[in-house]
Amino acid sequence: MTFRIAEFYSGIGGMHYAWLETGLPGEVVKSFEINTFANSVNQHNFPQANICQRLIESNPIELYQKMAADVFLMSPPCQPYTRTGNQKGSEDPRTRSFLFLLDMVGPTTGILPKYILIENVVGFEVSDTHDMTLARLNELNYTVEEFIINPLELGIPNSRSRYYLLAKLAPLTFSGELPPYIRRLNEDSRQVPTASCPPPQSLGDFLGRSRMADPKIWAQYRLSDTTRQKRLQVMDVVTADSRGSCCFTKGYAHFAEGTGSVLQCANPEGKNEAGRDDPSTTSATADTAAATYRYFTEYEIARLMGFPLDRFAFPDPITRKQRYRLLGNSLNVTVVAMLLRYLMKDD
């Protein structure tokens, strides 16, 4: 069976890549995204992609009926469930399209996908939108499982905890297996055998130490002297030997704190960033003066998020700032692929 897939809030194609990683037969019949830059990246990598750049709630029901999709994949706007978005939940106008989809699915329209996957930020699970989602899916006779998963649990050296909901239309039931250390939301740990997560790889092993040390990359992505002097103390600094990095957000390289890690590398010549020895440097600042700091490249971040670099690229017109923003709004392909394999496994 070749599954027909509808990709809502498609962004740069993260769900599409996750589906490809599963190896399951399927066709993304339509993608929905209003961001022009995201669509240009998606179209660049998937030239045949059928992308609808209109508000989801503005499309006629007939469009969704004609898709005849078996699978709904969606990553709705996260701002209504974050502190910076004021956590307004269903009262936030940005939830309008998602609530439209919830109302649209059902016997009245004949739109009843057999499989649904929803990804969002941690915080969605305590929102009224979450309660509305569960109530609607229960009404339509879906079986639901929920998770909060961090890529670190899969051995990936990047922290990006996200909420995931999987739903299967009755009489389908969950029959697949997940790694024993992946637990469902609100699952009683006393009822689950304990299992250790695999230790995350080092950043150097995961990304490639020789590439990370490339002088050309350091020259292009190094922190400016002003940023280093004024902002370094609030940044999360990692090295190639580190086994983790902070979540990269859309504000990376624009805001200093809480937007992602920066990479530190000792200067091989033992000199300061100006290329000179500085005998007056105190012991308190010696490490800083003898080290180089840079931002992660957009492709290093993409790799940490599971995008296959042999099949993923940004078109040239997309600026570095736009690339960081698009990645910050995307998802971890590896985690979603794991959940899709579990979701699509039937008896």
# chains A, B, ... in the order shown; residues from 1 in each chain; ligands from 1
call {"tool": "residues_around", "arguments": {"residues": "Tyr81 of chain A", "least_positions_apart": "6", "cutoff": "6 Å", "atoms": "only C-alpha atoms", "output": "list in words"}}
result
Gln87, Gly89, Gly123 and Phe124 of chain A
call {"tool": "write_last_selection", "arguments": {"atoms": "all heavy atoms", "output": "mmCIF file, in the first residue's frame"}}
result
data_model
loop_
_atom_site.group_PDB
_atom_site.id
_atom_site.type_symbol
_atom_site.label_atom_id
_atom_site.label_comp_id
_atom_site.auth_asym_id
_atom_site.auth_seq_id
_atom_site.Cartn_x
_atom_site.Cartn_y
_atom_site.Cartn_z
ATOM 1 N N GLN A 87 1.141 32.241 26.187
ATOM 2 C CA GLN A 87 0.424 31.009 26.540
ATOM 3 C C GLN A 87 -1.094 31.181 26.520
ATOM 4 O O GLN A 87 -1.799 30.766 27.434
ATOM 5 C CB GLN A 87 0.897 30.518 27.911
ATOM 6 C CG GLN A 87 2.390 30.177 27.937
ATOM 7 C CD GLN A 87 2.899 29.793 29.312
ATOM 8 O OE1 GLN A 87 2.564 30.440 30.299
ATOM 9 N NE2 GLN A 87 3.713 28.768 29.390
ATOM 10 N N GLY A 89 -3.085 29.767 24.327
ATOM 11 C CA GLY A 89 -3.745 28.558 23.868
ATOM 12 C C GLY A 89 -4.744 28.815 22.757
ATOM 13 O O GLY A 89 -4.457 29.517 21.780
ATOM 14 N N GLY A 123 4.638 22.184 26.674
ATOM 15 C CA GLY A 123 3.710 23.232 27.096
ATOM 16 C C GLY A 123 2.377 23.054 26.411
ATOM 17 O O GLY A 123 1.331 23.416 26.960
ATOM 18 N N PHE A 124 2.410 22.483 25.212
ATOM 19 C CA PHE A 124 1.155 22.169 24.515
ATOM 20 C C PHE A 124 0.321 21.201 25.351
ATOM 21 O O PHE A 124 -0.914 21.298 25.399
ATOM 22 C CB PHE A 124 1.458 21.554 23.146
ATOM 23 C CG PHE A 124 0.228 21.168 22.368
ATOM 24 C CD1 PHE A 124 -0.383 22.078 21.521
ATOM 25 C CD2 PHE A 124 -0.314 19.889 22.476
ATOM 26 C CE1 PHE A 124 -1.524 21.724 20.804
ATOM 27 C CE2 PHE A 124 -1.453 19.522 21.759
ATOM 28 C CZ PHE A 124 -2.057 20.450 20.917
#
call {"tool": "residues_around", "arguments": {"residues": "segment 199-205 of chain A", "least_positions_apart": "4", "cutoff": "6 Å", "atoms": "only C-alpha atoms", "output": "PyMOL selection string"}}
result
chain A and resi 152+155-157+209+240-243
call {"tool": "closest_residue", "arguments": {"among": "A:Met305, A:Leu112, A:Leu207, A:Leu326", "to": "Ser10 of chain A", "atoms": "only C-alpha atoms"}}
result
A:Leu326
call {"tool": "select_by_dssp", "arguments": {"residues": "segment 40-256 of chain A", "states": "strand (DSSP E)", "output": "number ranges by chain"}}
result
A: 51-52, 71-74, 115-121, 142-149, 162-169, 236-238
call {"tool": "closest_atom_pairs", "arguments": {"of": "segment 139-239 of chain A", "to": "segment 343-347 of chain A", "cutoff": "10 Å", "atoms": "only C-alpha atoms", "output": "tab-separated table"}}
result
residue	atom	partner	partner_atom	distance
A:Glu145	CA	A:Leu343	CA	9.4
A:Leu166	CA	A:Leu343	CA	6.6
A:Ala167	CA	A:Leu343	CA	7.7
A:Lys168	CA	A:Leu343	CA	7.5
A:Leu172	CA	A:Asp346	CA	7.0
A:Thr173	CA	A:Asp346	CA	7.0
A:Phe174	CA	A:Leu343	CA	6.8
A:Ser175	CA	A:Asp346	CA	5.9
A:Gly176	CA	A:Lys345	CA	5.3
A:Glu177	CA	A:Lys345	CA	8.7
call {"tool": "select_by_dssp", "arguments": {"residues": "segment 92-305 of chain A", "states": "alpha helix (DSSP H)", "output": "PyMOL selection string"}}
result
chain A and resi 96-104+128-139+203-207+209-212+215-221+225-231+283-289+298-304
